[in-house]
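J.: Pasting a structure here, questions to come.
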Amino acid sequence: MSDKKKIIIIQPIHEAGIKLLKENSNYEYEIVEDLDNTDIKSKISKCDAISIRTANLSGELINASKNLKIISRHGVGYDNIDLKASKEKNITLAITATANAVAVAEHVLFMLLNISKRRNMYDDTVKSGNFLNRNKLPKTIELWNKNILIAGFGRIGQCLIKRCLGFEMNVFVYDPFVRKDIIESFGGKKIENLADSIKEMDAITLHVPLNDKTKNLINYNLLKTMKKNCIIINAARGGVINEVDLDRALNEDLIFGAGIDVFEKEPPDQNNPLLKNEKVFLSPHTAAFTEECMTRMGIETIQNIIDFFEKRLDNSKTIKL
Ligand SMILES: NC(=O)c1ccc[n+]([C@@H]2O[C@H](COP(=O)([O-])OP(=O)(O)OC[C@H]3O[C@@H](n4cnc5c(N)ncnc54)[C@H](O)[C@@H]3O)[C@@H](O)[C@H]2O)c1
């Protein structure tokens with residue numbers, strides 16, 4: 001019997017990650033498209049490691065494992081993994097901690113600029129032969145000197161603040177778990193009370209994990225207190241903003257627009273009202289889908305597995321269960 005460690009790669013990753021395994025004789029691997037694979041339970045029962053992207057790894061599947069030692073997330077969020085079952089089976093959960101931040105931070109600015117500069121409307125105007133309507137179009141908005149709130153000041157929040165300061169925005173940070181002096185050392189101002197401060201913001205961007213405390217963090221009660229020119233971006237997780245409340249607030253002109261990369265249900269239903277709302281700028285959970293970031297994530301996902309078995313996986317890459 002082979003003493004090679006067996007890795008199941010659930011949902012394909014960048015070839016650069018696979019190359020690490022091709023070059024290492026200590027591992028054998030199998031790539032499965034997704035969890036619909038009919039043999040998935042049997043495959044999991046025999047594997048030593050799993051690499052997984054966004055598919056939901058249930059307690060039932062984790063409990064089917066006999067040798068599983070590590071689940072390596074391709075990404076940093078882990079709300080798709082059953083943490084209770086992982087903990088009970090003493091499984092290590094790793095994330096690609098160093099791969100994502102720049103790509104997501106750039107995506108936030110991409111959304112913020114597209115919405116504030118009314119990208120769709122202006123682009124359509126020229127393409128439809130209506131250039132001379134330029135004086136009749138509603139005006140665009142500058143980022144300069146505007147107040148932006150970063151909610152969640154971890155890897156992505158800390159990467160984003162530098163870029164917002166580059167646009168000379170006034171950056172406020174809401175993160176009860178990060179000290180004031182640390183936030184100030186980045187050039188931000190710490191906010192203690194979200195509801196009080198949110199009224200002053202021209203933009204709000206979310207970078208918190210999805211959990212019981214952050215679900216529906218942004219709801220109608222908060223939305224109705226925001227400035228009418230406020231733009232809100234969610235590239236964290238669906239559910240941190242209540243989608244029905246957001247659609248209502250946009251339709252009632254309570255805020256200017258929203259950039260949404262992540263949805264409560266993915267893919268979203270076609271009748272999800274946000275898909276038809278012209279004030280919403282959407283992307284299909286692709287904030288981290290730069291060529292560079294996908295390469296980094298593919299490599300880091302596999303490297304974390306190798307480092308784990310070689311007993312050199314850094315604690316900063318694992319989640320305490
Ligand atoms: N759209 C995408 O493709 C994409 C890519 C990467 C990450 N993400 C999401 O972005 C989130 C942030 O990623 P990260 O790498 O910066 O994570 P991180 O763990 O480094 O940072 C999260 C921060 O949120 C703070 N936080 C936790 N609970 C909070 C609360 N109730 N209120 C305010 N702050 C709170 C934590 O203190 C921490 O500083 C992830 O959880 C993930 O779900 C999305």
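Residue names in the structure tokens use chain letters A, B, ... in the order shown, residue numbers from 1 in each chain, and ligand numbers from 1 in the order shown.
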Output as JSON lines one row per residue of chain A within 9 Å of ligand 1: the closest atom pair and its distance in Å to one decimal place, counting only C-alpha atoms and all ligand atoms, sorted by chain and residue number ascending.
T.:
{"residue": "A:Gly75", "atom": "CA", "partner": "ligand 1", "partner_atom_place_in_ligand_line": "6 (C)", "distance": 5.9}
{"residue": "A:Val76", "atom": "CA", "partner": "ligand 1", "partner_atom_place_in_ligand_line": "7 (C)", "distance": 5.3}
{"residue": "A:Gly77", "atom": "CA", "partner": "ligand 1", "partner_atom_place_in_ligand_line": "43 (O)", "distance": 3.9}
{"residue": "A:Tyr78", "atom": "CA", "partner": "ligand 1", "partner_atom_place_in_ligand_line": "43 (O)", "distance": 7.0}
{"residue": "A:Asp79", "atom": "CA", "partner": "ligand 1", "partner_atom_place_in_ligand_line": "43 (O)", "distance": 7.4}
{"residue": "A:Thr96", "atom": "CA", "partner": "ligand 1", "partner_atom_place_in_ligand_line": "15 (O)", "distance": 8.8}
{"residue": "A:Ala97", "atom": "CA", "partner": "ligand 1", "partner_atom_place_in_ligand_line": "15 (O)", "distance": 6.5}
{"residue": "A:Thr98", "atom": "CA", "partner": "ligand 1", "partner_atom_place_in_ligand_line": "15 (O)", "distance": 8.3}
{"residue": "A:Ala99", "atom": "CA", "partner": "ligand 1", "partner_atom_place_in_ligand_line": "6 (C)", "distance": 8.7}
{"residue": "A:Asn100", "atom": "CA", "partner": "ligand 1", "partner_atom_place_in_ligand_line": "6 (C)", "distance": 5.5}
{"residue": "A:Ala101", "atom": "CA", "partner": "ligand 1", "partner_atom_place_in_ligand_line": "15 (O)", "distance": 6.2}
{"residue": "A:Ala103", "atom": "CA", "partner": "ligand 1", "partner_atom_place_in_ligand_line": "5 (C)", "distance": 8.0}
{"residue": "A:Val104", "atom": "CA", "partner": "ligand 1", "partner_atom_place_in_ligand_line": "5 (C)", "distance": 5.9}
{"residue": "A:His107", "atom": "CA", "partner": "ligand 1", "partner_atom_place_in_ligand_line": "1 (N)", "distance": 8.6}
{"residue": "A:Ala151", "atom": "CA", "partner": "ligand 1", "partner_atom_place_in_ligand_line": "33 (C)", "distance": 5.5}
{"residue": "A:Gly152", "atom": "CA", "partner": "ligand 1", "partner_atom_place_in_ligand_line": "24 (O)", "distance": 3.6}
{"residue": "A:Phe153", "atom": "CA", "partner": "ligand 1", "partner_atom_place_in_ligand_line": "39 (O)", "distance": 4.2}
{"residue": "A:Gly154", "atom": "CA", "partner": "ligand 1", "partner_atom_place_in_ligand_line": "21 (O)", "distance": 3.2}
{"residue": "A:Arg155", "atom": "CA", "partner": "ligand 1", "partner_atom_place_in_ligand_line": "16 (O)", "distance": 3.9}
{"residue": "A:Ile156", "atom": "CA", "partner": "ligand 1", "partner_atom_place_in_ligand_line": "16 (O)", "distance": 3.7}
{"residue": "A:Gly157", "atom": "CA", "partner": "ligand 1", "partner_atom_place_in_ligand_line": "16 (O)", "distance": 5.6}
{"residue": "A:Gln158", "atom": "CA", "partner": "ligand 1", "partner_atom_place_in_ligand_line": "16 (O)", "distance": 7.6}
{"residue": "A:Cys159", "atom": "CA", "partner": "ligand 1", "partner_atom_place_in_ligand_line": "16 (O)", "distance": 8.5}
{"residue": "A:Val173", "atom": "CA", "partner": "ligand 1", "partner_atom_place_in_ligand_line": "33 (C)", "distance": 8.8}
{"residue": "A:Tyr174", "atom": "CA", "partner": "ligand 1", "partner_atom_place_in_ligand_line": "33 (C)", "distance": 5.6}
{"residue": "A:Asp175", "atom": "CA", "partner": "ligand 1", "partner_atom_place_in_ligand_line": "34 (N)", "distance": 3.8}
{"residue": "A:Pro176", "atom": "CA", "partner": "ligand 1", "partner_atom_place_in_ligand_line": "33 (C)", "distance": 5.7}
{"residue": "A:Phe177", "atom": "CA", "partner": "ligand 1", "partner_atom_place_in_ligand_line": "37 (O)", "distance": 4.5}
{"residue": "A:Val178", "atom": "CA", "partner": "ligand 1", "partner_atom_place_in_ligand_line": "37 (O)", "distance": 6.0}
{"residue": "A:Leu194", "atom": "CA", "partner": "ligand 1", "partner_atom_place_in_ligand_line": "32 (N)", "distance": 8.9}
{"residue": "A:Leu206", "atom": "CA", "partner": "ligand 1", "partner_atom_place_in_ligand_line": "10 (O)", "distance": 7.7}
{"residue": "A:His207", "atom": "CA", "partner": "ligand 1", "partner_atom_place_in_ligand_line": "12 (C)", "distance": 4.3}
{"residue": "A:Val208", "atom": "CA", "partner": "ligand 1", "partner_atom_place_in_ligand_line": "24 (O)", "distance": 3.8}
{"residue": "A:Pro209", "atom": "CA", "partner": "ligand 1", "partner_atom_place_in_ligand_line": "41 (O)", "distance": 3.3}
{"residue": "A:Leu210", "atom": "CA", "partner": "ligand 1", "partner_atom_place_in_ligand_line": "43 (O)", "distance": 6.2}
{"residue": "A:Asn211", "atom": "CA", "partner": "ligand 1", "partner_atom_place_in_ligand_line": "28 (N)", "distance": 7.8}
{"residue": "A:Asp212", "atom": "CA", "partner": "ligand 1", "partner_atom_place_in_ligand_line": "31 (N)", "distance": 8.6}
{"residue": "A:Lys213", "atom": "CA", "partner": "ligand 1", "partner_atom_place_in_ligand_line": "31 (N)", "distance": 5.3}
{"residue": "A:Thr214", "atom": "CA", "partner": "ligand 1", "partner_atom_place_in_ligand_line": "31 (N)", "distance": 5.1}
{"residue": "A:Lys215", "atom": "CA", "partner": "ligand 1", "partner_atom_place_in_ligand_line": "31 (N)", "distance": 8.8}
{"residue": "A:Leu217", "atom": "CA", "partner": "ligand 1", "partner_atom_place_in_ligand_line": "31 (N)", "distance": 8.0}
{"residue": "A:Asn234", "atom": "CA", "partner": "ligand 1", "partner_atom_place_in_ligand_line": "1 (N)", "distance": 7.7}
{"residue": "A:Ala235", "atom": "CA", "partner": "ligand 1", "partner_atom_place_in_ligand_line": "1 (N)", "distance": 4.2}
{"residue": "A:Ala236", "atom": "CA", "partner": "ligand 1", "partner_atom_place_in_ligand_line": "9 (C)", "distance": 3.7}
{"residue": "A:Arg237", "atom": "CA", "partner": "ligand 1", "partner_atom_place_in_ligand_line": "43 (O)", "distance": 5.0}
{"residue": "A:Gly238", "atom": "CA", "partner": "ligand 1", "partner_atom_place_in_ligand_line": "43 (O)", "distance": 8.7}
{"residue": "A:Ile260", "atom": "CA", "partner": "ligand 1", "partner_atom_place_in_ligand_line": "1 (N)", "distance": 8.9}
{"residue": "A:Asp261", "atom": "CA", "partner": "ligand 1", "partner_atom_place_in_ligand_line": "1 (N)", "distance": 5.7}
{"residue": "A:Val262", "atom": "CA", "partner": "ligand 1", "partner_atom_place_in_ligand_line": "1 (N)", "distance": 6.0}
{"residue": "A:Pro284", "atom": "CA", "partner": "ligand 1", "partner_atom_place_in_ligand_line": "1 (N)", "distance": 8.8}
{"residue": "A:His285", "atom": "CA", "partner": "ligand 1", "partner_atom_place_in_ligand_line": "3 (O)", "distance": 5.2}
{"residue": "A:Thr286", "atom": "CA", "partner": "ligand 1", "partner_atom_place_in_ligand_line": "3 (O)", "distance": 5.2}
{"residue": "A:Ala287", "atom": "CA", "partner": "ligand 1", "partner_atom_place_in_ligand_line": "3 (O)", "distance": 4.3}
{"residue": "A:Ala288", "atom": "CA", "partner": "ligand 1", "partner_atom_place_in_ligand_line": "3 (O)", "distance": 4.6}
{"residue": "A:Phe289", "atom": "CA", "partner": "ligand 1", "partner_atom_place_in_ligand_line": "3 (O)", "distance": 7.3}
J.: I'd like to know which residues of range 95-302 of chain A are helix (DSSP H, G or I) (by DSSP, run on the backbone); could you write them as a compact mmCIF listing (two decimals) with N, CA and C atoms, in the first residue's frame?
T.:
# COMPACT_ATOMS: atom_id res chain seq x y z
N ALA A 101 -5.36 39.87 -0.07
CA ALA A 101 -5.70 41.23 0.35
C ALA A 101 -5.61 42.27 -0.77
N VAL A 102 -4.52 42.25 -1.53
CA VAL A 102 -4.35 43.28 -2.57
C VAL A 102 -5.47 43.21 -3.60
N ALA A 103 -5.78 41.99 -4.04
CA ALA A 103 -6.80 41.84 -5.09
C ALA A 103 -8.15 42.37 -4.60
N VAL A 104 -8.52 42.03 -3.37
CA VAL A 104 -9.82 42.48 -2.86
C VAL A 104 -9.82 43.99 -2.65
N ALA A 105 -8.72 44.52 -2.12
CA ALA A 105 -8.64 45.98 -1.91
C ALA A 105 -8.78 46.72 -3.24
N GLU A 106 -8.11 46.22 -4.27
CA GLU A 106 -8.23 46.87 -5.59
C GLU A 106 -9.66 46.77 -6.12
N HIS A 107 -10.30 45.63 -5.86
CA HIS A 107 -11.67 45.43 -6.35
C HIS A 107 -12.63 46.44 -5.68
N VAL A 108 -12.40 46.72 -4.42
CA VAL A 108 -13.24 47.69 -3.71
C VAL A 108 -13.12 49.05 -4.38
N LEU A 109 -11.90 49.45 -4.68
CA LEU A 109 -11.72 50.75 -5.33
C LEU A 109 -12.30 50.76 -6.75
N PHE A 110 -12.17 49.64 -7.41
CA PHE A 110 -12.77 49.48 -8.75
C PHE A 110 -14.28 49.72 -8.67
N MET A 111 -14.92 49.14 -7.66
CA MET A 111 -16.38 49.30 -7.51
C MET A 111 -16.72 50.73 -7.11
N LEU A 112 -15.96 51.24 -6.17
CA LEU A 112 -16.22 52.60 -5.67
C LEU A 112 -16.11 53.62 -6.80
N LEU A 113 -15.09 53.48 -7.62
CA LEU A 113 -14.88 54.41 -8.73
C LEU A 113 -15.95 54.23 -9.81
N ASN A 114 -16.29 52.98 -10.12
CA ASN A 114 -17.31 52.74 -11.13
C ASN A 114 -18.65 53.35 -10.74
N ILE A 115 -18.99 53.21 -9.45
CA ILE A 115 -20.29 53.74 -9.01
C ILE A 115 -20.25 55.26 -8.93
N SER A 116 -19.19 55.81 -8.32
CA SER A 116 -19.16 57.27 -8.14
C SER A 116 -19.02 58.00 -9.47
N ARG A 119 -20.25 54.86 -14.16
CA ARG A 119 -19.62 54.20 -15.30
C ARG A 119 -20.62 53.74 -16.36
N ASN A 120 -21.65 52.99 -15.94
CA ASN A 120 -22.58 52.41 -16.93
C ASN A 120 -23.29 53.49 -17.73
N MET A 121 -23.78 54.49 -17.01
CA MET A 121 -24.56 55.55 -17.66
C MET A 121 -23.70 56.34 -18.65
N TYR A 122 -22.50 56.71 -18.25
CA TYR A 122 -21.64 57.52 -19.11
C TYR A 122 -21.14 56.72 -20.32
N ASP A 123 -20.81 55.49 -20.07
CA ASP A 123 -20.34 54.60 -21.14
C ASP A 123 -21.46 54.40 -22.17
N ASP A 124 -22.68 54.11 -21.67
CA ASP A 124 -23.83 53.90 -22.57
C ASP A 124 -24.12 55.16 -23.38
N THR A 125 -23.95 56.31 -22.76
CA THR A 125 -24.26 57.57 -23.44
C THR A 125 -23.42 57.72 -24.70
N VAL A 126 -22.14 57.44 -24.58
CA VAL A 126 -21.27 57.59 -25.76
C VAL A 126 -21.56 56.49 -26.77
N LYS A 127 -21.67 55.26 -26.27
CA LYS A 127 -21.86 54.13 -27.20
C LYS A 127 -23.18 54.21 -27.94
N PHE A 131 -23.47 61.46 -27.24
CA PHE A 131 -22.37 62.24 -26.65
C PHE A 131 -22.83 63.64 -26.22
N LEU A 132 -23.66 64.25 -27.06
CA LEU A 132 -24.06 65.64 -26.80
C LEU A 132 -24.97 65.78 -25.57
N ASN A 133 -25.39 64.65 -25.01
CA ASN A 133 -26.18 64.70 -23.76
C ASN A 133 -25.31 64.93 -22.53
N ARG A 134 -24.02 65.08 -22.73
CA ARG A 134 -23.10 65.11 -21.60
C ARG A 134 -23.45 66.15 -20.54
N ASN A 135 -24.00 67.26 -20.95
CA ASN A 135 -24.35 68.28 -19.97
C ASN A 135 -25.63 67.96 -19.21
N ARG A 155 -6.51 41.74 7.37
CA ARG A 155 -5.59 41.78 6.23
C ARG A 155 -6.09 42.70 5.12
N ILE A 156 -7.37 42.53 4.75
CA ILE A 156 -7.88 43.32 3.61
C ILE A 156 -8.08 44.78 4.01
N GLY A 157 -8.68 45.01 5.17
CA GLY A 157 -8.90 46.39 5.63
C GLY A 157 -7.59 47.17 5.69
N GLN A 158 -6.54 46.52 6.19
CA GLN A 158 -5.24 47.20 6.34
C GLN A 158 -4.57 47.46 4.99
N CYS A 159 -4.89 46.63 4.02
CA CYS A 159 -4.34 46.83 2.68
C CYS A 159 -5.11 47.95 1.97
N LEU A 160 -6.41 47.99 2.24
CA LEU A 160 -7.28 48.97 1.58
C LEU A 160 -7.03 50.39 2.07
N ILE A 161 -6.73 50.54 3.35
CA ILE A 161 -6.61 51.90 3.90
C ILE A 161 -5.53 52.70 3.16
N LYS A 162 -4.44 52.03 2.80
CA LYS A 162 -3.34 52.73 2.11
C LYS A 162 -3.84 53.28 0.78
N ARG A 163 -4.66 52.49 0.10
CA ARG A 163 -5.18 52.91 -1.20
C ARG A 163 -6.19 54.04 -1.06
N CYS A 164 -7.00 53.99 0.00
CA CYS A 164 -7.98 55.08 0.23
C CYS A 164 -7.23 56.37 0.58
N LEU A 165 -6.17 56.25 1.36
CA LEU A 165 -5.39 57.45 1.72
C LEU A 165 -4.72 58.02 0.47
N GLY A 166 -4.38 57.15 -0.47
CA GLY A 166 -3.82 57.60 -1.74
C GLY A 166 -4.78 58.50 -2.50
N LYS A 180 -6.87 51.27 19.03
CA LYS A 180 -6.89 52.62 18.44
C LYS A 180 -5.50 53.01 17.91
N ASP A 181 -4.45 52.73 18.69
CA ASP A 181 -3.12 53.18 18.26
C ASP A 181 -2.67 52.46 16.99
N ILE A 182 -3.11 51.22 16.83
CA ILE A 182 -2.75 50.49 15.60
C ILE A 182 -3.46 51.12 14.41
N ILE A 183 -4.74 51.41 14.58
CA ILE A 183 -5.51 52.04 13.49
C ILE A 183 -4.90 53.40 13.14
N GLU A 184 -4.52 54.15 14.19
CA GLU A 184 -3.93 55.48 13.94
C GLU A 184 -2.58 55.37 13.25
N SER A 185 -1.84 54.30 13.56
CA SER A 185 -0.53 54.15 12.91
C SER A 185 -0.67 53.93 11.41
N LEU A 194 -20.78 52.11 15.75
CA LEU A 194 -21.07 52.04 14.32
C LEU A 194 -22.29 52.90 13.96
N ALA A 195 -23.37 52.75 14.74
CA ALA A 195 -24.62 53.44 14.39
C ALA A 195 -24.45 54.96 14.41
N ASP A 196 -23.68 55.46 15.38
CA ASP A 196 -23.49 56.92 15.46
C ASP A 196 -22.67 57.45 14.29
N SER A 197 -21.60 56.72 13.95
CA SER A 197 -20.65 57.23 12.97
C SER A 197 -21.11 57.07 11.54
N ILE A 198 -21.94 56.08 11.32
CA ILE A 198 -22.32 55.73 9.96
C ILE A 198 -23.04 56.88 9.26
N LYS A 199 -23.65 57.73 10.07
CA LYS A 199 -24.41 58.87 9.51
C LYS A 199 -23.51 59.87 8.78
N GLU A 200 -22.22 59.85 9.12
CA GLU A 200 -21.29 60.84 8.56
C GLU A 200 -20.53 60.33 7.34
N TYR A 220 -31.87 47.76 7.39
CA TYR A 220 -32.65 48.95 7.03
C TYR A 220 -32.52 50.06 8.08
N ASN A 221 -32.51 49.66 9.35
CA ASN A 221 -32.42 50.68 10.42
C ASN A 221 -31.15 51.52 10.29
N LEU A 222 -30.06 50.89 9.88
CA LEU A 222 -28.82 51.65 9.68
C LEU A 222 -28.85 52.38 8.34
N LEU A 223 -29.34 51.69 7.31
CA LEU A 223 -29.36 52.28 5.96
C LEU A 223 -30.14 53.59 5.95
N GLU A 243 -29.90 41.85 2.02
CA GLU A 243 -30.13 42.20 0.60
C GLU A 243 -31.49 42.85 0.36
N VAL A 244 -32.51 42.37 1.05
CA VAL A 244 -33.85 42.95 0.87
C VAL A 244 -33.84 44.40 1.37
N ASP A 245 -33.21 44.62 2.52
CA ASP A 245 -33.13 45.97 3.09
C ASP A 245 -32.33 46.90 2.17
N LEU A 246 -31.26 46.37 1.58
CA LEU A 246 -30.44 47.19 0.69
C LEU A 246 -31.24 47.62 -0.53
N ASP A 247 -31.93 46.67 -1.12
CA ASP A 247 -32.74 46.98 -2.31
C ASP A 247 -33.77 48.06 -1.97
N ARG A 248 -34.40 47.91 -0.82
CA ARG A 248 -35.42 48.88 -0.40
C ARG A 248 -34.79 50.27 -0.22
N ALA A 249 -33.65 50.32 0.45
CA ALA A 249 -32.99 51.61 0.71
C ALA A 249 -32.59 52.29 -0.60
N LEU A 250 -32.14 51.50 -1.57
CA LEU A 250 -31.76 52.08 -2.87
C LEU A 250 -32.99 52.60 -3.61
N ASN A 251 -34.06 51.83 -3.56
CA ASN A 251 -35.29 52.24 -4.25
C ASN A 251 -35.90 53.48 -3.60
N PRO A 273 -33.73 40.81 -6.23
CA PRO A 273 -33.98 42.17 -6.74
C PRO A 273 -32.70 42.96 -7.03
N LEU A 274 -31.60 42.62 -6.38
CA LEU A 274 -30.36 43.37 -6.61
C LEU A 274 -29.87 43.20 -8.04
N LEU A 275 -30.23 42.08 -8.67
CA LEU A 275 -29.77 41.83 -10.04
C LEU A 275 -30.40 42.80 -11.04
N LYS A 276 -31.53 43.39 -10.63
CA LYS A 276 -32.23 44.29 -11.57
C LYS A 276 -32.10 45.75 -11.15
N GLU A 291 -5.39 37.33 -12.01
CA GLU A 291 -4.48 36.26 -12.43
C GLU A 291 -3.42 36.04 -11.33
N GLU A 292 -2.92 37.16 -10.81
CA GLU A 292 -1.85 37.08 -9.81
C GLU A 292 -2.35 36.43 -8.52
N CYS A 293 -3.54 36.83 -8.10
CA CYS A 293 -4.07 36.32 -6.83
C CYS A 293 -4.44 34.84 -6.95
N MET A 294 -5.00 34.45 -8.10
CA MET A 294 -5.35 33.03 -8.27
C MET A 294 -4.09 32.16 -8.26
N THR A 295 -3.03 32.69 -8.83
CA THR A 295 -1.76 31.95 -8.81
C THR A 295 -1.28 31.82 -7.36
N ARG A 296 -1.27 32.97 -6.65
CA ARG A 296 -0.82 32.94 -5.24
C ARG A 296 -1.68 31.99 -4.40
N MET A 297 -3.01 32.06 -4.61
CA MET A 297 -3.89 31.20 -3.80
C MET A 297 -3.68 29.73 -4.10
N GLY A 298 -3.52 29.41 -5.40
CA GLY A 298 -3.29 28.01 -5.78
C GLY A 298 -2.03 27.47 -5.12
N ILE A 299 -0.98 28.27 -5.16
CA ILE A 299 0.29 27.85 -4.55
C ILE A 299 0.15 27.73 -3.04
N GLU A 300 -0.43 28.76 -2.42
CA GLU A 300 -0.48 28.78 -0.95
C GLU A 300 -1.38 27.67 -0.39
N THR A 301 -2.47 27.37 -1.10
CA THR A 301 -3.37 26.30 -0.63
C THR A 301 -2.60 24.99 -0.53
N ILE A 302 -1.83 24.69 -1.57
CA ILE A 302 -1.09 23.42 -1.58
C ILE A 302 0.12 23.49 -0.65
J.: Need to verify the contact set: range 7-23 of chain A, 9 Å, only C-alpha atoms, exclusion of same-chain residues closer than 5 positions in sequence. Can you return it as a ChimeraX atom specification?
T.: /A:28-35,43-44,47-55,74,294-303,305-306
J.: Keeping only N, CA and C atoms, write the selected residues to a file as an mmCIF file, in the first residue's frame.
T.:
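Saved the output as out_18.cif:
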data_model
loop_
_atom_site.group_PDB
_atom_site.id
_atom_site.type_symbol
_atom_site.label_atom_id
_atom_site.label_comp_id
_atom_site.auth_asym_id
_atom_site.auth_seq_id
_atom_site.Cartn_x
_atom_site.Cartn_y
_atom_site.Cartn_z
ATOM 1 N N GLU A 28 -0.094 12.111 -3.457
ATOM 2 C CA GLU A 28 -0.889 11.843 -4.648
ATOM 3 C C GLU A 28 -2.156 12.678 -4.530
ATOM 4 N N TYR A 29 -2.672 13.083 -5.666
ATOM 5 C CA TYR A 29 -3.816 13.992 -5.591
ATOM 6 C C TYR A 29 -4.852 13.644 -6.640
ATOM 7 N N GLU A 30 -6.073 14.097 -6.335
ATOM 8 C CA GLU A 30 -7.166 13.947 -7.304
ATOM 9 C C GLU A 30 -7.955 15.250 -7.275
ATOM 10 N N ILE A 31 -8.304 15.711 -8.467
ATOM 11 C CA ILE A 31 -9.097 16.937 -8.543
ATOM 12 C C ILE A 31 -10.548 16.542 -8.798
ATOM 13 N N VAL A 32 -11.463 17.021 -7.964
ATOM 14 C CA VAL A 32 -12.885 16.780 -8.254
ATOM 15 C C VAL A 32 -13.556 18.126 -8.493
ATOM 16 N N GLU A 33 -14.410 18.155 -9.494
ATOM 17 C CA GLU A 33 -15.016 19.418 -9.950
ATOM 18 C C GLU A 33 -15.743 20.132 -8.805
ATOM 19 N N ASP A 34 -16.567 19.358 -8.066
ATOM 20 C CA ASP A 34 -17.317 19.941 -6.951
ATOM 21 C C ASP A 34 -17.838 18.814 -6.055
ATOM 22 N N LEU A 35 -18.644 19.203 -5.056
ATOM 23 C CA LEU A 35 -19.090 18.200 -4.087
ATOM 24 C C LEU A 35 -20.252 17.341 -4.596
ATOM 25 N N LYS A 43 -14.309 9.134 -1.343
ATOM 26 C CA LYS A 43 -12.999 9.783 -1.566
ATOM 27 C C LYS A 43 -12.530 10.467 -0.282
ATOM 28 N N ILE A 44 -13.462 11.165 0.380
ATOM 29 C CA ILE A 44 -13.089 11.876 1.611
ATOM 30 C C ILE A 44 -12.712 10.888 2.710
ATOM 31 N N CYS A 47 -8.973 10.147 2.300
ATOM 32 C CA CYS A 47 -7.925 11.157 2.057
ATOM 33 C C CYS A 47 -7.284 11.659 3.353
ATOM 34 N N ASP A 48 -6.087 12.244 3.208
ATOM 35 C CA ASP A 48 -5.376 12.825 4.351
ATOM 36 C C ASP A 48 -5.544 14.343 4.393
ATOM 37 N N ALA A 49 -5.845 14.921 3.230
ATOM 38 C CA ALA A 49 -5.959 16.381 3.156
ATOM 39 C C ALA A 49 -6.996 16.764 2.114
ATOM 40 N N ILE A 50 -7.642 17.902 2.373
ATOM 41 C CA ILE A 50 -8.596 18.443 1.396
ATOM 42 C C ILE A 50 -8.196 19.870 1.086
ATOM 43 N N SER A 51 -8.192 20.203 -0.196
ATOM 44 C CA SER A 51 -8.116 21.607 -0.600
ATOM 45 C C SER A 51 -9.521 21.961 -1.080
ATOM 46 N N ILE A 52 -10.039 23.098 -0.640
ATOM 47 C CA ILE A 52 -11.414 23.438 -1.022
ATOM 48 C C ILE A 52 -11.569 24.926 -1.258
ATOM 49 N N ARG A 53 -12.389 25.260 -2.256
ATOM 50 C CA ARG A 53 -12.656 26.674 -2.546
ATOM 51 C C ARG A 53 -13.926 27.085 -1.800
ATOM 52 N N THR A 54 -15.020 27.345 -2.506
ATOM 53 C CA THR A 54 -16.187 27.908 -1.804
ATOM 54 C C THR A 54 -17.300 26.893 -1.535
ATOM 55 N N ALA A 55 -17.123 25.646 -1.984
ATOM 56 C CA ALA A 55 -18.183 24.648 -1.762
ATOM 57 C C ALA A 55 -18.377 24.415 -0.262
ATOM 58 N N HIS A 74 -8.830 27.527 -0.011
ATOM 59 C CA HIS A 74 -8.322 28.372 -1.106
ATOM 60 C C HIS A 74 -9.056 29.691 -0.930
ATOM 61 N N MET A 294 -5.003 34.445 -8.098
ATOM 62 C CA MET A 294 -5.353 33.028 -8.274
ATOM 63 C C MET A 294 -4.092 32.165 -8.264
ATOM 64 N N THR A 295 -3.030 32.691 -8.827
ATOM 65 C CA THR A 295 -1.762 31.954 -8.814
ATOM 66 C C THR A 295 -1.281 31.816 -7.363
ATOM 67 N N ARG A 296 -1.272 32.972 -6.647
ATOM 68 C CA ARG A 296 -0.820 32.940 -5.236
ATOM 69 C C ARG A 296 -1.677 31.991 -4.402
ATOM 70 N N MET A 297 -3.010 32.058 -4.612
ATOM 71 C CA MET A 297 -3.895 31.203 -3.796
ATOM 72 C C MET A 297 -3.684 29.729 -4.103
ATOM 73 N N GLY A 298 -3.516 29.406 -5.403
ATOM 74 C CA GLY A 298 -3.293 28.011 -5.780
ATOM 75 C C GLY A 298 -2.032 27.473 -5.117
ATOM 76 N N ILE A 299 -0.981 28.273 -5.157
ATOM 77 C CA ILE A 299 0.293 27.850 -4.553
ATOM 78 C C ILE A 299 0.152 27.734 -3.036
ATOM 79 N N GLU A 300 -0.435 28.759 -2.423
ATOM 80 C CA GLU A 300 -0.479 28.781 -0.951
ATOM 81 C C GLU A 300 -1.382 27.669 -0.391
ATOM 82 N N THR A 301 -2.473 27.374 -1.102
ATOM 83 C CA THR A 301 -3.372 26.304 -0.635
ATOM 84 C C THR A 301 -2.603 24.986 -0.533
ATOM 85 N N ILE A 302 -1.827 24.685 -1.568
ATOM 86 C CA ILE A 302 -1.091 23.416 -1.585
ATOM 87 C C ILE A 302 0.123 23.485 -0.654
ATOM 88 N N GLN A 303 0.813 24.629 -0.670
ATOM 89 C CA GLN A 303 1.991 24.764 0.203
ATOM 90 C C GLN A 303 1.595 24.576 1.672
ATOM 91 N N ILE A 305 -0.674 22.638 2.830
ATOM 92 C CA ILE A 305 -0.823 21.193 3.094
ATOM 93 C C ILE A 305 0.563 20.550 3.260
ATOM 94 N N ILE A 306 1.450 20.901 2.344
ATOM 95 C CA ILE A 306 2.813 20.329 2.415
ATOM 96 C C ILE A 306 3.482 20.761 3.727
#
J.: Just how far from CA of Phe309 in chain A is CA of Glu88 in chain A, in Å to one decimal?
T.: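 Rounded to one decimal, the two atoms are 19.8 Å apart.
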